[in-house]
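S.K.: Here you go, one structure.
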Amino acid sequence: MRALAASSRRALAPTALQRLQPRRQASRAMPPPATATAGGAPQQPATPAARPSERQQHAAYQAAFFNEQHVKELRASITPDVEARLARVAASIPGLSAETRVLDAGAGEGALIPHLQARGVRDVLAVDVSPAMLAALQRRAGQPSSLGNDACVRTWLGDVADLPGYQGPFDVAIFNAVFGNLLDAHATLASTCFVLRPGSYVVISHPLGRPWHESLRAKQPQLVPNELPQREALELLIHDLPLQLVSLADEPDFYMALLQVPKGYAHPAAPLRLAGNVTTGFGRGSKQLGVPTANLPPAPLAEQLAQLPAGVYFGWAQLNADVSWPEADRQVHPMVMNIGRRPTFGDAQPELSVEAHIMHKYSQDFYGQPLRLLVLGFIRPEMRFSGLQELLARINADVGVARSQLGTPRWQPYREQLAAEAPPSA
Ligand code: ADP
Ligand code: RBF
Ligand code: MG
């Protein structure tokens, strides 16, 4: 918890166009800082030669700013009426219980934790870039159990965008009085979605409200570069994330946005039908990597694609080859697909591609054959990975998510639906 004391270099909400452009901000390399901040950056670059990214520099700045002195000042600023509003944040999160796993992102010295505990929560991972904050938090919350599976308050030092996947999954992620301190709110929310279960909640809250936060941001733009989004900006911020807006309280002295990863990652426009004859892709060797992707020509699908931001989806696929093909090849199978421009490859003028990896071992290639897809869920936005290995690792994780989702009863009726819609076989 931090922006009680100091907020967005982006003074205005990003335009729709800016939002639709690929986000490079978080990975852009910057010159090293003039002086290294001691005890600052917990996320050191992998190689000594690597220069800290803009995001790492920002995290180091925040870590150094929130020293012991600031921890004391923050604690003193939590008056009884602020406590009451923190209690309101905790009370507004649906379904908290002793079984809930909470990610307290930018937990600070843990001001929200007693209020979560009052709602029955026992299991909290408090993440912060500031060692002084986390030390204070752990003093108040007590030492964690040494057993990894006991419910208790644990800490993790670093930028929440770097939280390893094994720390999850969580049922709730909370950004309380810290959202303004994030350098790239969109990238942080996207990476947070990787550690959330479907159906879980994301909370963005501030117990002093947006007007107060704006005045702080005006005074300390480096510390608080980001705004607390109003409804339109918030919708724009999450339009290409697997998140839906549940409610927004934007009152003079209280701000709380409640977002949810839809149950089953259900896409609001689902089920969406995409059909066409399989065409050649970009020859980037997907098949050699173990994930062949059947490409569909995007132009005739413009209407449906307008509802599908660049990203990874799952659903069912059926190849409508003629009856001379093996029966199994012509049945409905699970698929995971990417819609986008493959930013990892950095092509100068990349064409839009619609490509589906179908989880079935086909007897032969099927270029030119009619393929129908039923798109059901949205897993994540398309991203630029730092290399082919990173991309492939994430694609394999996407395959896992798609496979486990499509194995649940929720999506079974659509399998039959797609089969029932098949054109008469030749
Ligand atoms: P391209 O760049 O031409 O799309 P890929 O390496 O992505 O080439 O391979 C895709 C082709 O592999 C598909 O068009 C299809 O003919 C074939 N294929 C075989 N098995 C599968 C599968 N399980 N999913 C998708 N495509 C497959
Ligand atoms: N390409 C990207 O540049 N970024 C992505 O986030 C991305 N995600 C993908 C997810 C899945 C499930 C699949 C099948 C492909 C994805 N691709 C992505 C496209 C990938 O670059 C393309 O298939 C290449 O041709 C692989 O060699
Ligand atoms: Mg392909």
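Ligands are numbered from 1 in the order shown, residues from 1 within each chain, and chains are lettered A, B, ... in the order they appear in the structure tokens.
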Residues near Val354 of chain A, anyone? I mean within 7 Å using only C-alpha atoms, not counting same-chain ones fewer than 6 positions away, as number ranges by chain.
M.R.: A: 295-296, 298, 338-340
S.K.: Mind dumping a table of every segment 340-399 of chain A residue within 6 Å of segment 275-287 of chain A, with the nearest atom pair and its distance in Å to one decimal, using only C-alpha atoms, sorted by chain and rising number, as JSON lines?
M.R.:
{"residue": "A:Tyr367", "atom": "CA", "partner": "A:Val278", "partner_atom": "CA", "distance": 5.0}
{"residue": "A:Gly368", "atom": "CA", "partner": "A:Val278", "partner_atom": "CA", "distance": 4.9}
{"residue": "A:Gln369", "atom": "CA", "partner": "A:Asn277", "partner_atom": "CA", "distance": 5.1}
{"residue": "A:Pro370", "atom": "CA", "partner": "A:Asn277", "partner_atom": "CA", "distance": 4.3}
{"residue": "A:Leu371", "atom": "CA", "partner": "A:Gly276", "partner_atom": "CA", "distance": 5.7}
{"residue": "A:Arg372", "atom": "CA", "partner": "A:Ala275", "partner_atom": "CA", "distance": 4.3}
S.K.: Please produce a file of those selected residues containing C-alpha atoms, as a CSV table (one decimal), in the first residue's frame.
M.R.:
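Generated output (result-v2.csv):
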chain,number,residue,atom,x,y,z
A,367,TYR,CA,-4.2,-27.5,-46.7
A,368,GLY,CA,-7.2,-26.3,-48.8
A,369,GLN,CA,-9.7,-28.3,-46.8
A,370,PRO,CA,-12.7,-26.7,-45.1
A,371,LEU,CA,-12.2,-26.1,-41.3
A,372,ARG,CA,-14.8,-24.8,-38.8
S.K.: Excluding segment 252-255 of chain A and residues on its chain fewer than 6 positions from it, collect all residues at most 7 Å away from it, counting only C-alpha atoms, and give them as a list in words.
M.R.: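 So, after excluding close chain neighbours, the residues are Ser205, His206, Pro207, Leu208, Gly209, Arg210 and Pro211 of chain A.
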S.K.: May I have the selected residues written with N, CA and C atoms, as an mmCIF file, in the first residue's frame?
M.R.:
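New file result_34.cif:
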data_model
loop_
_atom_site.group_PDB
_atom_site.id
_atom_site.type_symbol
_atom_site.label_atom_id
_atom_site.label_comp_id
_atom_site.auth_asym_id
_atom_site.auth_seq_id
_atom_site.Cartn_x
_atom_site.Cartn_y
_atom_site.Cartn_z
ATOM 1 N N SER A 205 -8.182 -0.687 -5.763
ATOM 2 C CA SER A 205 -8.872 0.156 -4.781
ATOM 3 C C SER A 205 -7.967 1.257 -4.247
ATOM 4 N N HIS A 206 -8.604 2.310 -3.737
ATOM 5 C CA HIS A 206 -7.884 3.350 -3.009
ATOM 6 C C HIS A 206 -8.807 3.933 -1.951
ATOM 7 N N PRO A 207 -8.391 3.853 -0.661
ATOM 8 C CA PRO A 207 -9.284 4.288 0.417
ATOM 9 C C PRO A 207 -9.429 5.802 0.527
ATOM 10 N N LEU A 208 -8.662 6.575 -0.238
ATOM 11 C CA LEU A 208 -8.825 8.033 -0.186
ATOM 12 C C LEU A 208 -9.517 8.578 -1.433
ATOM 13 N N GLY A 209 -9.764 7.730 -2.410
ATOM 14 C CA GLY A 209 -10.524 8.179 -3.580
ATOM 15 C C GLY A 209 -9.674 8.762 -4.694
ATOM 16 N N ARG A 210 -10.312 8.919 -5.859
ATOM 17 C CA ARG A 210 -9.606 9.347 -7.062
ATOM 18 C C ARG A 210 -9.176 10.822 -7.038
ATOM 19 N N PRO A 211 -10.040 11.753 -6.546
ATOM 20 C CA PRO A 211 -9.590 13.157 -6.545
ATOM 21 C C PRO A 211 -8.322 13.365 -5.717
#
S.K.: Which residues, written as a list in words, have at least one atom at most 9 Å from Asn176 of chain A, with only C-alpha atoms counted and residues fewer than 5 positions away on the same chain left out?
M.R.: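 Non-adjacent residues within range: Met1, Arg2, Ala3, Leu86, Val89, Asp104, Ala105, Gly106, Ala107, Leu112, Val203, Ile204, Ser205, His206, Pro207 and Met256 of chain A.
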S.K.: Pick out the residues no farther than 8 Å from ligand 2, counting only C-alpha atoms and all ligand atoms, and list them as a PDB file with N, CA and C atoms, in the first residue's frame.
M.R.:
ATOM      1  N   GLY A 281       0.524 -20.810 -43.870  1.00  0.00           N
ATOM      2  CA  GLY A 281       0.855 -19.748 -42.911  1.00  0.00           C
ATOM      3  C   GLY A 281       2.130 -19.056 -43.321  1.00  0.00           C
ATOM      4  N   PHE A 282       2.927 -18.695 -42.331  1.00  0.00           N
ATOM      5  CA  PHE A 282       4.104 -17.890 -42.627  1.00  0.00           C
ATOM      6  C   PHE A 282       5.383 -18.725 -42.654  1.00  0.00           C
ATOM      7  N   GLY A 283       5.206 -20.058 -42.651  1.00  0.00           N
ATOM      8  CA  GLY A 283       6.369 -20.943 -42.767  1.00  0.00           C
ATOM      9  C   GLY A 283       7.388 -20.734 -41.672  1.00  0.00           C
ATOM     10  N   ARG A 284       6.902 -20.455 -40.467  1.00  0.00           N
ATOM     11  CA  ARG A 284       7.839 -20.214 -39.357  1.00  0.00           C
ATOM     12  C   ARG A 284       8.130 -21.504 -38.596  1.00  0.00           C
ATOM     13  N   GLY A 285       7.694 -22.616 -39.165  1.00  0.00           N
ATOM     14  CA  GLY A 285       8.076 -23.904 -38.584  1.00  0.00           C
ATOM     15  C   GLY A 285       7.285 -24.289 -37.356  1.00  0.00           C
ATOM     16  N   SER A 286       6.015 -23.897 -37.296  1.00  0.00           N
ATOM     17  CA  SER A 286       5.194 -24.269 -36.147  1.00  0.00           C
ATOM     18  C   SER A 286       5.158 -25.781 -35.987  1.00  0.00           C
ATOM     19  N   LYS A 287       5.087 -26.483 -37.118  1.00  0.00           N
ATOM     20  CA  LYS A 287       4.990 -27.941 -37.081  1.00  0.00           C
ATOM     21  C   LYS A 287       6.256 -28.532 -36.460  1.00  0.00           C
ATOM     22  N   LEU A 289       8.083 -27.215 -34.344  1.00  0.00           N
ATOM     23  CA  LEU A 289       8.089 -26.912 -32.909  1.00  0.00           C
ATOM     24  C   LEU A 289       7.075 -27.768 -32.149  1.00  0.00           C
ATOM     25  N   VAL A 291       3.777 -27.632 -32.584  1.00  0.00           N
ATOM     26  CA  VAL A 291       2.458 -27.011 -32.553  1.00  0.00           C
ATOM     27  C   VAL A 291       2.049 -26.504 -33.940  1.00  0.00           C
ATOM     28  N   PRO A 292       1.755 -27.435 -34.857  1.00  0.00           N
ATOM     29  CA  PRO A 292       1.299 -26.974 -36.166  1.00  0.00           C
ATOM     30  C   PRO A 292       0.025 -26.146 -36.001  1.00  0.00           C
ATOM     31  N   THR A 293      -0.102 -25.113 -36.817  1.00  0.00           N
ATOM     32  CA  THR A 293      -1.302 -24.280 -36.745  1.00  0.00           C
ATOM     33  C   THR A 293      -1.942 -24.198 -38.120  1.00  0.00           C
ATOM     34  N   GLY A 311      -5.065 -12.169 -29.500  1.00  0.00           N
ATOM     35  CA  GLY A 311      -4.824 -12.976 -28.314  1.00  0.00           C
ATOM     36  C   GLY A 311      -5.055 -14.443 -28.556  1.00  0.00           C
ATOM     37  N   VAL A 312      -5.061 -15.179 -27.457  1.00  0.00           N
ATOM     38  CA  VAL A 312      -5.132 -16.633 -27.518  1.00  0.00           C
ATOM     39  C   VAL A 312      -6.498 -17.102 -27.007  1.00  0.00           C
ATOM     40  N   TYR A 313      -7.137 -17.942 -27.794  1.00  0.00           N
ATOM     41  CA  TYR A 313      -8.499 -18.416 -27.520  1.00  0.00           C
ATOM     42  C   TYR A 313      -8.528 -19.940 -27.557  1.00  0.00           C
ATOM     43  N   VAL A 336      -6.648 -24.739 -29.644  1.00  0.00           N
ATOM     44  CA  VAL A 336      -6.216 -23.472 -29.053  1.00  0.00           C
ATOM     45  C   VAL A 336      -5.726 -22.630 -30.215  1.00  0.00           C
ATOM     46  N   MET A 337      -6.047 -21.349 -30.201  1.00  0.00           N
ATOM     47  CA  MET A 337      -5.712 -20.565 -31.390  1.00  0.00           C
ATOM     48  C   MET A 337      -5.158 -19.195 -31.056  1.00  0.00           C
ATOM     49  N   ASN A 338      -4.417 -18.664 -32.003  1.00  0.00           N
ATOM     50  CA  ASN A 338      -3.894 -17.310 -31.862  1.00  0.00           C
ATOM     51  C   ASN A 338      -4.450 -16.441 -32.983  1.00  0.00           C
ATOM     52  N   ILE A 339      -4.897 -15.261 -32.592  1.00  0.00           N
ATOM     53  CA  ILE A 339      -5.336 -14.270 -33.564  1.00  0.00           C
ATOM     54  C   ILE A 339      -4.431 -13.066 -33.355  1.00  0.00           C
ATOM     55  N   GLY A 340      -3.717 -12.651 -34.376  1.00  0.00           N
ATOM     56  CA  GLY A 340      -2.847 -11.491 -34.179  1.00  0.00           C
ATOM     57  C   GLY A 340      -1.771 -11.364 -35.233  1.00  0.00           C
ATOM     58  N   ARG A 341      -0.739 -10.622 -34.882  1.00  0.00           N
ATOM     59  CA  ARG A 341       0.311 -10.288 -35.856  1.00  0.00           C
ATOM     60  C   ARG A 341       1.687 -10.795 -35.425  1.00  0.00           C
ATOM     61  N   ARG A 342       1.712 -11.720 -34.502  1.00  0.00           N
ATOM     62  CA  ARG A 342       2.938 -12.391 -34.068  1.00  0.00           C
ATOM     63  C   ARG A 342       4.068 -11.404 -33.748  1.00  0.00           C
ATOM     64  N   PRO A 343       3.857 -10.515 -32.779  1.00  0.00           N
ATOM     65  CA  PRO A 343       4.843  -9.458 -32.504  1.00  0.00           C
ATOM     66  C   PRO A 343       6.219  -9.984 -32.111  1.00  0.00           C
ATOM     67  N   THR A 344       6.300 -11.239 -31.675  1.00  0.00           N
ATOM     68  CA  THR A 344       7.596 -11.808 -31.286  1.00  0.00           C
ATOM     69  C   THR A 344       8.585 -11.755 -32.445  1.00  0.00           C
ATOM     70  N   PHE A 345       8.059 -11.838 -33.674  1.00  0.00           N
ATOM     71  CA  PHE A 345       8.947 -11.886 -34.833  1.00  0.00           C
ATOM     72  C   PHE A 345       9.308 -10.502 -35.354  1.00  0.00           C
ATOM     73  N   GLU A 355      -4.866 -18.611 -36.581  1.00  0.00           N
ATOM     74  CA  GLU A 355      -4.267 -19.946 -36.690  1.00  0.00           C
ATOM     75  C   GLU A 355      -4.650 -20.802 -35.490  1.00  0.00           C
ATOM     76  N   ALA A 356      -5.035 -22.038 -35.797  1.00  0.00           N
ATOM     77  CA  ALA A 356      -5.506 -22.939 -34.741  1.00  0.00           C
ATOM     78  C   ALA A 356      -4.646 -24.183 -34.662  1.00  0.00           C
ATOM     79  N   HIS A 357      -4.195 -24.465 -33.447  1.00  0.00           N
ATOM     80  CA  HIS A 357      -3.528 -25.743 -33.201  1.00  0.00           C
ATOM     81  C   HIS A 357      -4.599 -26.710 -32.688  1.00  0.00           C
ATOM     82  N   PRO A 381      -3.900 -11.969 -23.819  1.00  0.00           N
ATOM     83  CA  PRO A 381      -3.599 -11.160 -25.002  1.00  0.00           C
ATOM     84  C   PRO A 381      -2.374 -11.713 -25.726  1.00  0.00           C
ATOM     85  N   GLU A 382      -2.247 -11.367 -26.985  1.00  0.00           N
ATOM     86  CA  GLU A 382      -1.028 -11.705 -27.721  1.00  0.00           C
ATOM     87  C   GLU A 382       0.106 -10.848 -27.171  1.00  0.00           C
ATOM     88  N   MET A 383       1.302 -11.438 -27.076  1.00  0.00           N
ATOM     89  CA  MET A 383       2.407 -10.711 -26.473  1.00  0.00           C
ATOM     90  C   MET A 383       3.659 -10.832 -27.325  1.00  0.00           C
ATOM     91  N   ARG A 384       4.599  -9.927 -27.040  1.00  0.00           N
ATOM     92  CA  ARG A 384       5.903 -10.048 -27.694  1.00  0.00           C
ATOM     93  C   ARG A 384       6.841 -10.729 -26.709  1.00  0.00           C
ATOM     94  N   PHE A 385       7.291 -11.921 -27.046  1.00  0.00           N
ATOM     95  CA  PHE A 385       8.207 -12.658 -26.182  1.00  0.00           C
ATOM     96  C   PHE A 385       9.641 -12.340 -26.580  1.00  0.00           C
ATOM     97  N   LEU A 388      12.127 -17.348 -29.118  1.00  0.00           N
ATOM     98  CA  LEU A 388      11.285 -18.467 -29.546  1.00  0.00           C
ATOM     99  C   LEU A 388      11.009 -19.438 -28.392  1.00  0.00           C
ATOM    100  N   LEU A 391       8.326 -18.011 -26.196  1.00  0.00           N
ATOM    101  CA  LEU A 391       7.037 -18.119 -26.899  1.00  0.00           C
ATOM    102  C   LEU A 391       6.521 -19.554 -26.820  1.00  0.00           C
ATOM    103  N   LEU A 392       7.410 -20.493 -27.096  1.00  0.00           N
ATOM    104  CA  LEU A 392       6.996 -21.895 -27.127  1.00  0.00           C
ATOM    105  C   LEU A 392       6.553 -22.380 -25.741  1.00  0.00           C
ATOM    106  N   ARG A 394       5.214 -20.607 -23.443  1.00  0.00           N
ATOM    107  CA  ARG A 394       3.889 -20.037 -23.148  1.00  0.00           C
ATOM    108  C   ARG A 394       2.813 -20.737 -23.985  1.00  0.00           C
ATOM    109  N   ILE A 395       3.133 -21.056 -25.262  1.00  0.00           N
ATOM    110  CA  ILE A 395       2.163 -21.762 -26.105  1.00  0.00           C
ATOM    111  C   ILE A 395       1.816 -23.109 -25.464  1.00  0.00           C
ATOM    112  N   ASN A 396       2.831 -23.789 -24.927  1.00  0.00           N
ATOM    113  CA  ASN A 396       2.563 -25.074 -24.280  1.00  0.00           C
ATOM    114  C   ASN A 396       1.674 -24.893 -23.056  1.00  0.00           C
ATOM    115  N   ASP A 398      -0.535 -22.502 -22.802  1.00  0.00           N
ATOM    116  CA  ASP A 398      -1.862 -22.213 -23.386  1.00  0.00           C
ATOM    117  C   ASP A 398      -2.568 -23.512 -23.771  1.00  0.00           C
ATOM    118  N   VAL A 399      -1.789 -24.448 -24.342  1.00  0.00           N
ATOM    119  CA  VAL A 399      -2.358 -25.746 -24.732  1.00  0.00           C
ATOM    120  C   VAL A 399      -2.926 -26.433 -23.483  1.00  0.00           C
TER     121      VAL A 399
END
